[in-house]
Amino acid sequence: MNFEYSEKAGEIRARLTAFMDEHVYPNERRYDQEINAGDRWQPLGLIEDLKSKAKAAGLWNLFLPDVSGLSNLEYAPLAEVIGRVTWASEVFNCSAPDTGNMEVLHLYGTDEQKKQWLEPLMAGEIRSCFAMTEPDVASSDATNIQASIRPDGDHYILNGRKWWSTGAGDARCKLAIFMGKTDESAPKHLQQSMILVPMDTEGVKVKRNLLVFGYDDAPNGHSEVTFEDVRVPKTNLLLGEGRGFEIAQGRLGPGRVHHCMRLIGVAERSLELMCERANSRVAFGKPIAEQGVVRQWIAEARLAIDQARLLVLNAAWKMDTVGNKAARKEIAMIKAAVPQMALKVVDRAIQVHGGGGVCEDFPLASFWMYARTLRLADGPDEVHLESIAKMELKKNKRGGCLGEKMMGEKFSFPFPEGRLPLIGACWRCRISPLALEFRGATELWALLGDQPPPPALTFPPPKKFFLFGGGGGKFPPRGGGVGF
Ligand SMILES: Cc1cc2nc3c(=O)[nH]c(=O)nc-3n(C[C@H](O)[C@H](O)[C@H](O)COP(=O)(O)OP(=O)(O)OC[C@H]3O[C@@H](n4cnc5c(N)ncnc54)[C@H](O)[C@@H]3O)c2cc1C
């Protein structure tokens, strides 16, 4: 693996840095002034102006590989630069939750859905929200969600109460991607679907904008939104009934790299501020920078940031080389590690700033709020740690059976239509030659972890059979099947 900037990423990074120096940092105060001057939920003149400049400079939609031509590994250092100012990602049309929603539309939208919603989102003309979390259930386990999507002729009727729908408070928010249940009798992960809901549909109501440690995050906000007998055409459904979890998985991988790299930008800037402050203030007869404990915090921050950056680049590299699914442990690792790292660095930078650290004269207080919420948003730390533990334990389970692992991998997914099935057999960690002949056999081992291929390829009487979907020669196969 090589984490050096590619020529293209290095060139864009230089231009992005120059843009930040010229247009973003000098306007940090103006942003606060504009927000506080008028209606907090209307778009800011400053942002609209900077968006035009960024578009003209070709620094636009950098997050989407098919458009920017940048891999996850190439985009990651750009997200770090952007993350140094919390509102800057919108300037480059690279802000959550629009980025995740654009990815969904790009990957799973029909031509019509793309025309109606993806085009204006990519142009930065409208904004969107993602409505999954509900106040009434523990939504870190998304199988709990209760919102319903019921068929009614050629329409669906939606009901549900959502909260923490980021961006719903923004006057430009025209679209919600709504997650609800279409079939409560289906297997646990096949009950949910996602559907596109225009925000001006009758029955959609933004009830309130929640405060986060006292910040309203205007003009985007995090809202409680109710959906009461909301009627939308069936053509608004994404991908198909019961495919909500599949979409959620596709949506989250790159988004976590973006979040984590922006947080590394936050931590890096906090360290810079910490050093500047420590060098410039004198307490008890010597610069704060000469206090042993502060020197230790600075050194520890450098160690922590560089470790975290390498972890994220590794996850991005793995996503680029073996795919998001095979990189899911690395993705969980960064989401668990980076917010905690950033929070600690920001906290120490605040401490070095004394009272100044918690007020609006420095970006540190809002950095702290931002890093703290990312220990929850996009799944709490504990859920990611649990996934990592599960994968480690499974990998090291004595006497574990490869066939069982494969079935575990595949069984929760629907068998896709129109794809060729492949029959294989497992007998205590051996796999049939039939399966090994499959074109993606090498990737198959990668998918199953670090376990080497079984030494013997004899075909003893199988104890278990499994059937899984081939991906038209692609691997990992899209879909799964039944075992008997
Ligand atoms: C600023 C912000 C923005 C957000 N934006 C959005 C958005 O745009 N759209 C959206 O749909 N949601 C959004 N969310 C919601 C976020 O994704 C959820 O808050 C999160 O998934 C946790 O769900 P919950 O709040 O229901 O907590 P719960 O599910 O009630 O969990 C509470 C706590 O239980 C513990 N816990 C849960 N599971 C485990 C486990 N397996 N092991 C150990 N402990 C566990 C954890 O400590 C967890 O924090 C946002 C949240 C915040 C704070």
# chains A, B, ... in the order shown; residues from 1 in each chain; ligands from 1

$ residues_near_ligand --ligand "ligand 1" --cutoff "10 Å" --atoms "only C-alpha atoms and all ligand atoms" --output "PyMOL selection string"
chain A and resi 96-98+100+128-142+144-145+162-168+176-179+210-213+216-217+221-223+369-387

$ select_by_dssp --residues "range 78-244 of chain A" --states "strand (DSSP E)" --output "count of residues only"
56

$ closest_residue --among "A:Ala76, A:Leu62, A:Ala123, A:Ile350" --to "Asn314 in chain A" --atoms "only C-alpha atoms"
A:Ala76

$ select_by_dssp --residues "range 210-430 of chain A" --states "helix (DSSP H, G or I)" --output "compact mmCIF listing (two decimals) with N, CA and C atoms, in the first residue's frame"
# COMPACT_ATOMS: atom_id res chain seq x y z
N LYS A 234 -45.63 5.24 -6.32
CA LYS A 234 -44.78 4.04 -6.13
C LYS A 234 -43.45 4.18 -6.85
N THR A 235 -43.43 4.99 -7.89
CA THR A 235 -42.18 5.18 -8.64
C THR A 235 -41.11 5.90 -7.81
N ASN A 236 -41.49 6.41 -6.63
CA ASN A 236 -40.50 7.07 -5.76
C ASN A 236 -39.69 6.08 -4.94
N GLY A 244 -34.07 -1.71 1.79
CA GLY A 244 -33.60 -0.55 2.57
C GLY A 244 -32.24 -0.77 3.21
N PHE A 245 -32.02 -1.95 3.78
CA PHE A 245 -30.74 -2.22 4.45
C PHE A 245 -29.60 -2.28 3.45
N GLU A 246 -29.92 -2.86 2.31
CA GLU A 246 -28.91 -2.96 1.25
C GLU A 246 -28.47 -1.54 0.85
N ILE A 247 -29.43 -0.64 0.71
CA ILE A 247 -29.11 0.74 0.33
C ILE A 247 -28.31 1.41 1.45
N ALA A 248 -28.76 1.19 2.71
CA ALA A 248 -28.08 1.82 3.85
C ALA A 248 -26.61 1.41 3.87
N GLN A 249 -26.34 0.14 3.57
CA GLN A 249 -24.94 -0.31 3.58
C GLN A 249 -24.14 0.38 2.49
N GLY A 250 -24.74 0.51 1.31
CA GLY A 250 -24.05 1.17 0.20
C GLY A 250 -23.79 2.63 0.51
N ARG A 251 -24.71 3.24 1.30
CA ARG A 251 -24.64 4.67 1.57
C ARG A 251 -23.55 5.04 2.57
N LEU A 252 -23.29 4.12 3.51
CA LEU A 252 -22.50 4.56 4.65
C LEU A 252 -20.98 4.48 4.53
N GLY A 253 -20.47 3.54 3.74
CA GLY A 253 -19.01 3.35 3.70
C GLY A 253 -18.24 4.62 3.36
N PRO A 254 -18.45 5.18 2.17
CA PRO A 254 -17.69 6.39 1.81
C PRO A 254 -17.97 7.53 2.78
N GLY A 255 -19.21 7.66 3.25
CA GLY A 255 -19.58 8.74 4.16
C GLY A 255 -18.75 8.70 5.43
N ARG A 256 -18.42 7.51 5.88
CA ARG A 256 -17.63 7.41 7.12
C ARG A 256 -16.20 7.86 6.88
N VAL A 257 -15.66 7.57 5.71
CA VAL A 257 -14.32 8.09 5.40
C VAL A 257 -14.37 9.63 5.37
N HIS A 258 -15.45 10.17 4.76
CA HIS A 258 -15.55 11.64 4.68
C HIS A 258 -15.61 12.24 6.09
N HIS A 259 -16.53 11.69 6.93
CA HIS A 259 -16.67 12.21 8.30
C HIS A 259 -15.32 12.16 9.02
N CYS A 260 -14.65 11.02 8.91
CA CYS A 260 -13.41 10.83 9.68
C CYS A 260 -12.30 11.74 9.18
N MET A 261 -12.20 11.91 7.87
CA MET A 261 -11.13 12.78 7.38
C MET A 261 -11.42 14.24 7.73
N ARG A 262 -12.70 14.63 7.70
CA ARG A 262 -13.02 16.01 8.11
C ARG A 262 -12.64 16.20 9.58
N LEU A 263 -12.86 15.16 10.38
CA LEU A 263 -12.50 15.24 11.80
C LEU A 263 -10.99 15.31 11.99
N ILE A 264 -10.26 14.69 11.11
CA ILE A 264 -8.80 14.78 11.21
C ILE A 264 -8.38 16.22 10.88
N GLY A 265 -9.09 16.84 9.94
CA GLY A 265 -8.85 18.28 9.67
C GLY A 265 -9.13 19.11 10.91
N VAL A 266 -10.21 18.78 11.61
CA VAL A 266 -10.57 19.47 12.86
C VAL A 266 -9.45 19.31 13.90
N ALA A 267 -8.97 18.08 14.05
CA ALA A 267 -7.94 17.80 15.06
C ALA A 267 -6.63 18.49 14.69
N GLU A 268 -6.30 18.44 13.42
CA GLU A 268 -5.04 19.06 12.96
C GLU A 268 -5.08 20.58 13.23
N ARG A 269 -6.22 21.18 12.93
CA ARG A 269 -6.31 22.64 13.14
C ARG A 269 -6.30 22.95 14.64
N SER A 270 -6.90 22.10 15.42
CA SER A 270 -6.91 22.32 16.88
C SER A 270 -5.49 22.24 17.43
N LEU A 271 -4.71 21.31 16.91
CA LEU A 271 -3.32 21.19 17.36
C LEU A 271 -2.54 22.47 16.98
N GLU A 272 -2.79 22.96 15.76
CA GLU A 272 -2.10 24.19 15.35
C GLU A 272 -2.46 25.34 16.30
N LEU A 273 -3.76 25.46 16.59
CA LEU A 273 -4.21 26.54 17.49
C LEU A 273 -3.60 26.36 18.88
N MET A 274 -3.54 25.09 19.32
CA MET A 274 -2.98 24.80 20.66
C MET A 274 -1.52 25.26 20.72
N CYS A 275 -0.76 24.96 19.66
CA CYS A 275 0.66 25.35 19.66
C CYS A 275 0.81 26.87 19.61
N GLU A 276 0.01 27.52 18.74
CA GLU A 276 0.10 28.99 18.65
C GLU A 276 -0.17 29.63 20.00
N ARG A 277 -1.22 29.17 20.65
CA ARG A 277 -1.60 29.74 21.94
C ARG A 277 -0.53 29.47 23.00
N ALA A 278 -0.03 28.23 23.00
CA ALA A 278 0.96 27.87 24.02
C ALA A 278 2.25 28.67 23.83
N ASN A 279 2.58 28.98 22.56
CA ASN A 279 3.78 29.76 22.29
C ASN A 279 3.61 31.23 22.65
N SER A 280 2.36 31.72 22.59
CA SER A 280 2.18 33.17 22.71
C SER A 280 1.76 33.63 24.11
N ILE A 288 3.45 29.15 28.16
CA ILE A 288 2.69 27.92 28.45
C ILE A 288 3.32 26.73 27.70
N ALA A 289 3.91 27.02 26.53
CA ALA A 289 4.57 25.95 25.74
C ALA A 289 5.72 25.30 26.49
N GLU A 290 6.18 25.94 27.57
CA GLU A 290 7.29 25.32 28.31
C GLU A 290 6.81 24.52 29.52
N GLY A 292 5.58 21.30 31.12
CA GLY A 292 5.75 19.89 30.72
C GLY A 292 4.45 19.23 30.28
N VAL A 293 3.39 19.50 31.03
CA VAL A 293 2.14 18.78 30.71
C VAL A 293 1.61 19.20 29.35
N VAL A 294 1.78 20.48 29.02
CA VAL A 294 1.28 20.97 27.72
C VAL A 294 2.11 20.36 26.59
N ARG A 295 3.41 20.27 26.82
CA ARG A 295 4.29 19.66 25.80
C ARG A 295 3.87 18.21 25.56
N GLN A 296 3.53 17.55 26.63
CA GLN A 296 3.10 16.15 26.49
C GLN A 296 1.78 16.06 25.69
N TRP A 297 0.83 16.98 25.98
CA TRP A 297 -0.44 16.98 25.23
C TRP A 297 -0.19 17.20 23.74
N ILE A 298 0.75 18.11 23.46
CA ILE A 298 1.05 18.42 22.05
C ILE A 298 1.62 17.17 21.36
N ALA A 299 2.57 16.55 22.02
CA ALA A 299 3.19 15.36 21.43
C ALA A 299 2.15 14.24 21.27
N GLU A 300 1.32 14.07 22.29
CA GLU A 300 0.30 13.01 22.20
C GLU A 300 -0.70 13.30 21.09
N ALA A 301 -1.02 14.58 20.90
CA ALA A 301 -1.96 14.94 19.82
C ALA A 301 -1.35 14.60 18.47
N ARG A 302 -0.07 14.93 18.29
CA ARG A 302 0.58 14.59 17.01
C ARG A 302 0.54 13.09 16.76
N LEU A 303 0.85 12.30 17.80
CA LEU A 303 0.82 10.84 17.65
C LEU A 303 -0.58 10.37 17.27
N ALA A 304 -1.56 10.88 17.99
CA ALA A 304 -2.94 10.40 17.80
C ALA A 304 -3.46 10.76 16.42
N ILE A 305 -3.17 11.98 15.98
CA ILE A 305 -3.69 12.41 14.66
C ILE A 305 -3.05 11.57 13.55
N ASP A 306 -1.75 11.39 13.63
CA ASP A 306 -1.08 10.65 12.55
C ASP A 306 -1.51 9.19 12.53
N GLN A 307 -1.71 8.61 13.72
CA GLN A 307 -2.20 7.23 13.77
C GLN A 307 -3.58 7.14 13.12
N ALA A 308 -4.44 8.08 13.50
CA ALA A 308 -5.81 8.04 13.00
C ALA A 308 -5.84 8.25 11.49
N ARG A 309 -5.00 9.17 11.01
CA ARG A 309 -5.00 9.43 9.57
C ARG A 309 -4.61 8.15 8.80
N LEU A 310 -3.59 7.46 9.31
CA LEU A 310 -3.17 6.23 8.62
C LEU A 310 -4.28 5.18 8.64
N LEU A 311 -4.99 5.13 9.75
CA LEU A 311 -6.10 4.16 9.86
C LEU A 311 -7.17 4.47 8.80
N VAL A 312 -7.47 5.76 8.62
CA VAL A 312 -8.51 6.13 7.65
C VAL A 312 -8.02 5.89 6.22
N LEU A 313 -6.77 6.26 5.96
CA LEU A 313 -6.25 6.03 4.61
C LEU A 313 -6.24 4.54 4.29
N ASN A 314 -5.94 3.74 5.29
CA ASN A 314 -5.95 2.29 5.08
C ASN A 314 -7.36 1.81 4.74
N ALA A 315 -8.36 2.33 5.46
CA ALA A 315 -9.74 1.93 5.17
C ALA A 315 -10.13 2.36 3.75
N ALA A 316 -9.74 3.59 3.38
CA ALA A 316 -10.08 4.10 2.04
C ALA A 316 -9.40 3.25 0.97
N TRP A 317 -8.15 2.91 1.22
CA TRP A 317 -7.40 2.07 0.27
C TRP A 317 -8.06 0.70 0.14
N LYS A 318 -8.48 0.15 1.26
CA LYS A 318 -9.11 -1.17 1.21
C LYS A 318 -10.44 -1.10 0.44
N MET A 319 -11.20 -0.02 0.67
CA MET A 319 -12.46 0.13 -0.06
C MET A 319 -12.20 0.19 -1.56
N ASP A 320 -11.15 0.88 -1.94
CA ASP A 320 -10.82 1.01 -3.37
C ASP A 320 -10.35 -0.31 -3.96
N THR A 321 -9.68 -1.13 -3.14
CA THR A 321 -9.06 -2.33 -3.72
C THR A 321 -9.93 -3.58 -3.58
N VAL A 322 -10.63 -3.74 -2.45
CA VAL A 322 -11.44 -4.97 -2.33
C VAL A 322 -12.93 -4.69 -2.17
N ARG A 328 -15.47 -3.67 5.56
CA ARG A 328 -16.39 -3.17 6.59
C ARG A 328 -15.77 -3.13 7.98
N LYS A 329 -14.82 -4.01 8.26
CA LYS A 329 -14.18 -3.92 9.59
C LYS A 329 -13.35 -2.63 9.68
N GLU A 330 -12.61 -2.34 8.64
CA GLU A 330 -11.78 -1.12 8.65
C GLU A 330 -12.67 0.13 8.74
N ILE A 331 -13.83 0.07 8.08
CA ILE A 331 -14.74 1.22 8.13
C ILE A 331 -15.29 1.38 9.56
N ALA A 332 -15.64 0.27 10.19
CA ALA A 332 -16.12 0.34 11.58
C ALA A 332 -15.00 0.85 12.50
N MET A 333 -13.77 0.42 12.22
CA MET A 333 -12.65 0.83 13.08
C MET A 333 -12.45 2.35 13.05
N ILE A 334 -12.51 2.93 11.86
CA ILE A 334 -12.27 4.39 11.81
C ILE A 334 -13.41 5.14 12.48
N LYS A 335 -14.64 4.64 12.28
CA LYS A 335 -15.79 5.36 12.85
C LYS A 335 -15.76 5.29 14.39
N ALA A 336 -15.19 4.20 14.93
CA ALA A 336 -15.08 4.11 16.40
C ALA A 336 -13.89 4.92 16.91
N ALA A 337 -12.82 4.97 16.14
CA ALA A 337 -11.57 5.56 16.67
C ALA A 337 -11.48 7.07 16.47
N VAL A 338 -11.86 7.56 15.30
CA VAL A 338 -11.52 8.95 14.96
C VAL A 338 -12.31 9.99 15.76
N PRO A 339 -13.62 9.86 15.93
CA PRO A 339 -14.30 10.89 16.74
C PRO A 339 -13.72 10.98 18.16
N GLN A 340 -13.37 9.84 18.75
CA GLN A 340 -12.81 9.88 20.11
C GLN A 340 -11.45 10.58 20.11
N MET A 341 -10.66 10.29 19.09
CA MET A 341 -9.35 10.94 18.98
C MET A 341 -9.53 12.46 18.85
N ALA A 342 -10.40 12.85 17.91
CA ALA A 342 -10.57 14.29 17.65
C ALA A 342 -11.09 14.99 18.91
N LEU A 343 -12.02 14.33 19.59
CA LEU A 343 -12.60 14.93 20.79
C LEU A 343 -11.52 15.20 21.84
N LYS A 344 -10.60 14.27 22.00
CA LYS A 344 -9.55 14.42 23.00
C LYS A 344 -8.59 15.56 22.62
N VAL A 345 -8.24 15.61 21.34
CA VAL A 345 -7.32 16.67 20.89
C VAL A 345 -7.99 18.04 21.06
N VAL A 346 -9.26 18.14 20.64
CA VAL A 346 -9.96 19.42 20.75
C VAL A 346 -10.07 19.82 22.22
N ASP A 347 -10.37 18.86 23.07
CA ASP A 347 -10.54 19.15 24.49
C ASP A 347 -9.25 19.73 25.08
N ARG A 348 -8.13 19.18 24.71
CA ARG A 348 -6.85 19.69 25.24
C ARG A 348 -6.52 21.06 24.66
N ALA A 349 -6.88 21.25 23.37
CA ALA A 349 -6.66 22.58 22.79
C ALA A 349 -7.51 23.61 23.53
N ILE A 350 -8.73 23.23 23.89
CA ILE A 350 -9.60 24.14 24.65
C ILE A 350 -8.92 24.47 25.98
N GLN A 351 -8.40 23.44 26.64
CA GLN A 351 -7.78 23.64 27.96
C GLN A 351 -6.62 24.62 27.86
N VAL A 352 -5.82 24.48 26.81
CA VAL A 352 -4.66 25.38 26.65
C VAL A 352 -5.12 26.82 26.38
N GLY A 354 -7.60 28.21 27.84
CA GLY A 354 -8.28 28.77 29.01
C GLY A 354 -9.72 29.10 28.66
N GLY A 355 -10.23 30.18 29.26
CA GLY A 355 -11.63 30.57 29.02
C GLY A 355 -11.91 30.83 27.55
N GLY A 356 -10.89 31.35 26.84
CA GLY A 356 -11.07 31.63 25.42
C GLY A 356 -11.52 30.40 24.64
N GLY A 357 -11.09 29.24 25.10
CA GLY A 357 -11.37 28.00 24.38
C GLY A 357 -12.84 27.65 24.28
N VAL A 358 -13.62 28.13 25.23
CA VAL A 358 -15.04 27.72 25.21
C VAL A 358 -15.95 28.81 24.62
N LEU A 364 -12.92 26.33 18.54
CA LEU A 364 -12.75 25.09 19.30
C LEU A 364 -14.05 24.58 19.94
N ALA A 365 -14.88 25.50 20.44
CA ALA A 365 -16.11 25.04 21.09
C ALA A 365 -17.01 24.33 20.08
N SER A 366 -17.13 24.92 18.88
CA SER A 366 -17.98 24.26 17.88
C SER A 366 -17.31 22.98 17.38
N PHE A 367 -15.99 22.94 17.33
CA PHE A 367 -15.29 21.69 16.98
C PHE A 367 -15.63 20.60 18.00
N TRP A 368 -15.64 20.96 19.27
CA TRP A 368 -15.90 19.96 20.31
C TRP A 368 -17.31 19.37 20.13
N MET A 369 -18.26 20.29 19.89
CA MET A 369 -19.64 19.85 19.70
C MET A 369 -19.73 18.90 18.49
N TYR A 370 -19.04 19.28 17.43
CA TYR A 370 -19.08 18.50 16.19
C TYR A 370 -18.49 17.09 16.43
N ALA A 371 -17.31 17.05 17.06
CA ALA A 371 -16.67 15.75 17.29
C ALA A 371 -17.49 14.90 18.25
N ARG A 372 -18.09 15.56 19.24
CA ARG A 372 -18.87 14.79 20.23
C ARG A 372 -20.08 14.13 19.58
N THR A 373 -20.74 14.88 18.67
CA THR A 373 -21.95 14.30 18.06
C THR A 373 -21.59 13.14 17.15
N ASP A 381 -20.41 4.70 18.94
CA ASP A 381 -19.13 3.97 19.06
C ASP A 381 -19.35 2.49 19.38
N GLU A 382 -20.22 2.25 20.36
CA GLU A 382 -20.36 0.89 20.88
C GLU A 382 -20.82 -0.09 19.80
N VAL A 383 -21.66 0.40 18.90
CA VAL A 383 -22.17 -0.47 17.84
C VAL A 383 -21.04 -0.84 16.88
N HIS A 384 -20.17 0.13 16.59
CA HIS A 384 -19.04 -0.17 15.70
C HIS A 384 -18.05 -1.10 16.40
N LEU A 385 -17.83 -0.86 17.69
CA LEU A 385 -16.90 -1.73 18.43
C LEU A 385 -17.43 -3.17 18.47
N GLU A 386 -18.73 -3.29 18.64
CA GLU A 386 -19.36 -4.61 18.66
C GLU A 386 -19.14 -5.32 17.31
N SER A 387 -19.28 -4.58 16.21
CA SER A 387 -19.06 -5.20 14.88
C SER A 387 -17.61 -5.67 14.75
N ILE A 388 -16.69 -4.84 15.24
CA ILE A 388 -15.27 -5.22 15.12
C ILE A 388 -15.01 -6.49 15.94
N ALA A 389 -15.54 -6.49 17.17
CA ALA A 389 -15.34 -7.65 18.04
C ALA A 389 -15.92 -8.91 17.39
N LYS A 390 -17.10 -8.76 16.81
CA LYS A 390 -17.75 -9.92 16.19
C LYS A 390 -16.87 -10.48 15.07
N MET A 391 -16.33 -9.58 14.25
CA MET A 391 -15.51 -10.05 13.12
C MET A 391 -14.21 -10.69 13.60
N GLU A 392 -13.61 -10.10 14.64
CA GLU A 392 -12.37 -10.68 15.17
C GLU A 392 -12.62 -12.06 15.75
N LEU A 393 -13.72 -12.19 16.52
CA LEU A 393 -14.01 -13.46 17.17
C LEU A 393 -14.32 -14.54 16.13
N LYS A 394 -15.06 -14.13 15.11
CA LYS A 394 -15.44 -15.08 14.07
C LYS A 394 -14.20 -15.58 13.33
N LYS A 395 -13.30 -14.63 13.06
CA LYS A 395 -12.08 -14.98 12.33
C LYS A 395 -11.25 -16.00 13.11
N LEU A 402 -15.83 -22.88 7.20
CA LEU A 402 -15.87 -21.90 6.13
C LEU A 402 -17.26 -21.81 5.52
N GLY A 403 -17.85 -22.96 5.34
CA GLY A 403 -19.20 -22.98 4.76
C GLY A 403 -20.18 -22.23 5.64
N GLU A 404 -20.04 -22.41 6.96
CA GLU A 404 -20.92 -21.69 7.88
C GLU A 404 -20.70 -20.19 7.74
N LYS A 405 -19.42 -19.82 7.63
CA LYS A 405 -19.11 -18.40 7.49
C LYS A 405 -19.76 -17.87 6.22
N MET A 406 -19.65 -18.65 5.15
CA MET A 406 -20.22 -18.19 3.90
C MET A 406 -21.72 -18.05 4.02
N MET A 407 -22.32 -19.02 4.70
CA MET A 407 -23.77 -18.94 4.83
C MET A 407 -24.14 -17.76 5.70
N GLY A 408 -23.35 -17.52 6.73
CA GLY A 408 -23.60 -16.36 7.58
C GLY A 408 -23.52 -15.08 6.78
N GLU A 409 -22.56 -15.06 5.88
CA GLU A 409 -22.37 -13.87 5.05
C GLU A 409 -23.58 -13.62 4.15
N LYS A 410 -24.07 -14.71 3.60
CA LYS A 410 -24.97 -14.53 2.48
C LYS A 410 -26.45 -14.62 2.83

$ closest_residue --among "A:Leu158, A:Val104, A:Ala171, A:Ala54" --to "Gln146 in chain A" --atoms "only C-alpha atoms"
A:Leu158

$ atom_distance --atom1 "CA of Arg150 in chain A" --atom2 "CA of Leu121 in chain A"
27.6 Å

$ atom_distance --atom1 "CA of Arg40 in chain A" --atom2 "CA of Pro219 in chain A"
5.6 Å

$ atom_distance --atom1 "CA of Glu241 in chain A" --atom2 "CA of Tyr108 in chain A"
12.8 Å

$ residues_around --residues "Asn27 in chain A" --least-positions-apart "5" --cutoff "12 Å" --atoms "only C-alpha atoms" --output "ChimeraX atom specification"
/A:19-22,32-34,45-47,49-50,85,87-88

$ residues_around --residues "Thr110 in chain A" --least-positions-apart "6" --cutoff "12 Å" --atoms "only C-alpha atoms" --output "list in words"
Val104, Gln116, Trp117, Leu118, Leu196, Thr235, Asn236, Leu237, Leu238, Leu239 and Gly240 of chain A

$ write_last_selection --atoms "N, CA and C atoms" --output "PDB file, in the first residue's frame"
ATOM      1  N   VAL A 104     -26.646   7.587  -3.024  1.00  0.00           N
ATOM      2  CA  VAL A 104     -27.776   6.658  -3.147  1.00  0.00           C
ATOM      3  C   VAL A 104     -28.464   6.838  -4.495  1.00  0.00           C
ATOM      4  N   GLN A 116     -34.901  14.176 -11.665  1.00  0.00           N
ATOM      5  CA  GLN A 116     -35.668  15.057 -10.760  1.00  0.00           C
ATOM      6  C   GLN A 116     -34.860  15.517  -9.553  1.00  0.00           C
ATOM      7  N   TRP A 117     -34.033  14.611  -8.975  1.00  0.00           N
ATOM      8  CA  TRP A 117     -33.402  14.944  -7.699  1.00  0.00           C
ATOM      9  C   TRP A 117     -31.881  15.018  -7.740  1.00  0.00           C
ATOM     10  N   LEU A 118     -31.257  14.079  -8.461  1.00  0.00           N
ATOM     11  CA  LEU A 118     -29.785  14.081  -8.428  1.00  0.00           C
ATOM     12  C   LEU A 118     -29.219  15.317  -9.140  1.00  0.00           C
ATOM     13  N   LEU A 196     -38.338   8.159  -1.812  1.00  0.00           N
ATOM     14  CA  LEU A 196     -38.080   9.594  -1.987  1.00  0.00           C
ATOM     15  C   LEU A 196     -39.349  10.379  -1.678  1.00  0.00           C
ATOM     16  N   THR A 235     -43.432   4.994  -7.890  1.00  0.00           N
ATOM     17  CA  THR A 235     -42.175   5.182  -8.643  1.00  0.00           C
ATOM     18  C   THR A 235     -41.108   5.897  -7.807  1.00  0.00           C
ATOM     19  N   ASN A 236     -41.494   6.409  -6.629  1.00  0.00           N
ATOM     20  CA  ASN A 236     -40.504   7.072  -5.760  1.00  0.00           C
ATOM     21  C   ASN A 236     -39.687   6.082  -4.935  1.00  0.00           C
ATOM     22  N   LEU A 237     -40.104   4.808  -4.938  1.00  0.00           N
ATOM     23  CA  LEU A 237     -39.368   3.816  -4.138  1.00  0.00           C
ATOM     24  C   LEU A 237     -37.963   3.621  -4.717  1.00  0.00           C
ATOM     25  N   LEU A 238     -36.997   3.468  -3.833  1.00  0.00           N
ATOM     26  CA  LEU A 238     -35.626   3.238  -4.288  1.00  0.00           C
ATOM     27  C   LEU A 238     -35.332   1.744  -4.348  1.00  0.00           C
ATOM     28  N   LEU A 239     -34.842   1.304  -5.449  1.00  0.00           N
ATOM     29  CA  LEU A 239     -34.350  -0.059  -5.671  1.00  0.00           C
ATOM     30  C   LEU A 239     -35.435  -1.141  -5.628  1.00  0.00           C
ATOM     31  N   GLY A 240     -36.270  -1.150  -4.622  1.00  0.00           N
ATOM     32  CA  GLY A 240     -37.317  -2.167  -4.530  1.00  0.00           C
ATOM     33  C   GLY A 240     -37.717  -2.369  -3.087  1.00  0.00           C
TER      34      GLY A 240
END

$ closest_residue --among "A:Phe284, A:Pro65, A:Asn36, A:Val91" --to "His23 in chain A" --atoms "only C-alpha atoms"
A:Val91

$ decode --residues "range 121-139 of chain A" --atoms "C-alpha atoms" --output "PDB file, in the first residue's frame"
ATOM      1  CA  LEU A 121     -28.475  18.263  -5.845  1.00  0.00           C
ATOM      2  CA  MET A 122     -25.302  17.944  -7.892  1.00  0.00           C
ATOM      3  CA  ALA A 123     -25.802  21.518  -9.086  1.00  0.00           C
ATOM      4  CA  GLY A 124     -26.109  22.693  -5.464  1.00  0.00           C
ATOM      5  CA  GLU A 125     -29.557  24.162  -6.170  1.00  0.00           C
ATOM      6  CA  ILE A 126     -31.429  22.179  -3.527  1.00  0.00           C
ATOM      7  CA  ARG A 127     -30.594  20.276  -0.342  1.00  0.00           C
ATOM      8  CA  SER A 128     -31.917  17.042   1.167  1.00  0.00           C
ATOM      9  CA  CYS A 129     -32.255  15.096   4.399  1.00  0.00           C
ATOM     10  CA  PHE A 130     -32.103  11.466   5.465  1.00  0.00           C
ATOM     11  CA  ALA A 131     -34.961  10.418   7.723  1.00  0.00           C
ATOM     12  CA  MET A 132     -34.211   7.160   9.481  1.00  0.00           C
ATOM     13  CA  THR A 133     -33.800   7.761  13.244  1.00  0.00           C
ATOM     14  CA  GLU A 134     -36.984   7.774  15.344  1.00  0.00           C
ATOM     15  CA  PRO A 135     -37.491   9.202  18.836  1.00  0.00           C
ATOM     16  CA  ASP A 136     -39.598   6.280  20.021  1.00  0.00           C
ATOM     17  CA  VAL A 137     -37.161   3.411  19.392  1.00  0.00           C
ATOM     18  CA  ALA A 138     -33.444   2.686  19.795  1.00  0.00           C
ATOM     19  CA  SER A 139     -32.494   3.529  16.236  1.00  0.00           C
TER      20      SER A 139
END
